[in-house]
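Notes for the one structure printed next.
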Amino acid sequence: MIHAYDKIYLEKARAVLGRMLDFAVHDLKYNLADFFDLFIKSGIAKRFETGDFTVITGMSGVELAYTILEQSGVKRERIKPNYTVNRSEEFWLGWALAYYQWATSLSFAEIIQNIPLKEILSLYSPYHEMDIRQFADKMNMLYKARKSETNLKILRKKVGITQRQLADLSGVPVRTIQQYEQKQKNINKAQAEYLIKLAKALCCTVDALIEKCE
């Protein structure tokens, strides 16, 4: 798996996202889902998940929260943050979610589309006391159970063509396309030539075809 940014920045990124959510909920009094929606729609989430260092290491969680509000056109008077001794569940959520996004390279939008924030937060107990990799394994299980269609099928339907038409356009056998879409074959292990041909036919990147949680 190729990660969006080097692992040496991961702990800082996790702390920043955790503090951002903690501050937004407990100090700014935002609903968790509403603020996370601003995080995504503001474009800051995209910068975070692609390793923009000005976001993941260049500011604190508090500064990131205010940046999101500014990018969203929301004016808020700046207040003094309340630093608590014990980490909140929201802090853990951001801390754990940043790790999962880094480990899988899924976008935050893709993650919460299949696993709502409320459900992820419900994993706090017992996962906050466990190795983060066990949390990631649980998230992978939930994600794969909810995501019934492969990226190939989603992209093909988005373009509006049949499997036969995709085969004709790409030169990849229709039976092979069917096997990838039905998960009888793992597209992550496909020939590079097939991936390139499919990506070209669907006007997408090869990475868009890869299943991140395999």
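Naming scheme: A, B, ... for chains in displayed order of the structure tokens; residues 1 onward per chain; ligands 1 onward as shown.
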Please, which residues in region 80-126 of chain A fall within 12 Å of region 58-65 of chain A when counting only C-alpha atoms, and what is the closest atom pair and distance in Å to one decimal for each, ordered by chain then residue number, as a tab-separated table?
```
residue	atom	partner	partner_atom	distance
A:Lys80	CA	A:Val62	CA	9.7
A:Pro81	CA	A:Val62	CA	7.5
A:Asn82	CA	A:Val62	CA	10.4
A:Tyr83	CA	A:Val62	CA	10.8
A:Phe91	CA	A:Gly61	CA	10.1
A:Gly94	CA	A:Gly61	CA	10.2
A:Trp95	CA	A:Gly61	CA	11.0
```
Take the residues just selected and output them with N, CA and C atoms as a PDB file, in the first residue's frame.
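As written to disk, selection_20.pdb reads:
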```pdb
ATOM      1  N   LYS A  80     -10.513  31.156  23.786  1.00  0.00           N
ATOM      2  CA  LYS A  80      -9.380  30.449  24.382  1.00  0.00           C
ATOM      3  C   LYS A  80      -9.737  28.975  24.506  1.00  0.00           C
ATOM      4  N   PRO A  81      -8.929  28.080  23.935  1.00  0.00           N
ATOM      5  CA  PRO A  81      -9.224  26.639  24.011  1.00  0.00           C
ATOM      6  C   PRO A  81      -9.179  26.131  25.440  1.00  0.00           C
ATOM      7  N   ASN A  82     -10.002  25.165  25.730  1.00  0.00           N
ATOM      8  CA  ASN A  82     -10.027  24.534  27.040  1.00  0.00           C
ATOM      9  C   ASN A  82      -9.280  23.211  26.947  1.00  0.00           C
ATOM     10  N   TYR A  83      -8.089  23.155  27.516  1.00  0.00           N
ATOM     11  CA  TYR A  83      -7.282  21.937  27.442  1.00  0.00           C
ATOM     12  C   TYR A  83      -7.567  21.059  28.653  1.00  0.00           C
ATOM     13  N   PHE A  91     -11.699  13.254  20.485  1.00  0.00           N
ATOM     14  CA  PHE A  91     -10.258  13.293  20.192  1.00  0.00           C
ATOM     15  C   PHE A  91      -9.813  11.930  19.687  1.00  0.00           C
ATOM     16  N   GLY A  94     -10.870  11.331  15.982  1.00  0.00           N
ATOM     17  CA  GLY A  94     -10.002  11.955  14.994  1.00  0.00           C
ATOM     18  C   GLY A  94      -8.650  11.287  14.915  1.00  0.00           C
ATOM     19  N   TRP A  95      -8.104  10.953  16.073  1.00  0.00           N
ATOM     20  CA  TRP A  95      -6.795  10.295  16.175  1.00  0.00           C
ATOM     21  C   TRP A  95      -6.804   8.945  15.457  1.00  0.00           C
TER      22      TRP A  95
END
```
Could you give me, as a PyMOL selection string, the residues within 10 Å of region 200-209 of chain A, counting only C-alpha atoms and dropping anything in the same chain fewer than 2 positions from it? chain A and resi 105+150-161+165-171+187-188+192+194-198+211-212
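Closest to Thr104 (chain A) among A:His128, A:Ile210, A:Glu89, A:Phe53 is A:Ile210, based on only C-alpha atoms.
Across the model, the gap from CA of Thr67 (chain A) to CA of Gln113 (chain A) is 23.6 Å.
Here CA of Met139 (chain A) is placed at a distance of 28.0 Å from CA of Thr84 (chain A).
Note that the spacing between CA of Lys75 (chain A) and CA of Ala33 (chain A) amounts to 19.1 Å.
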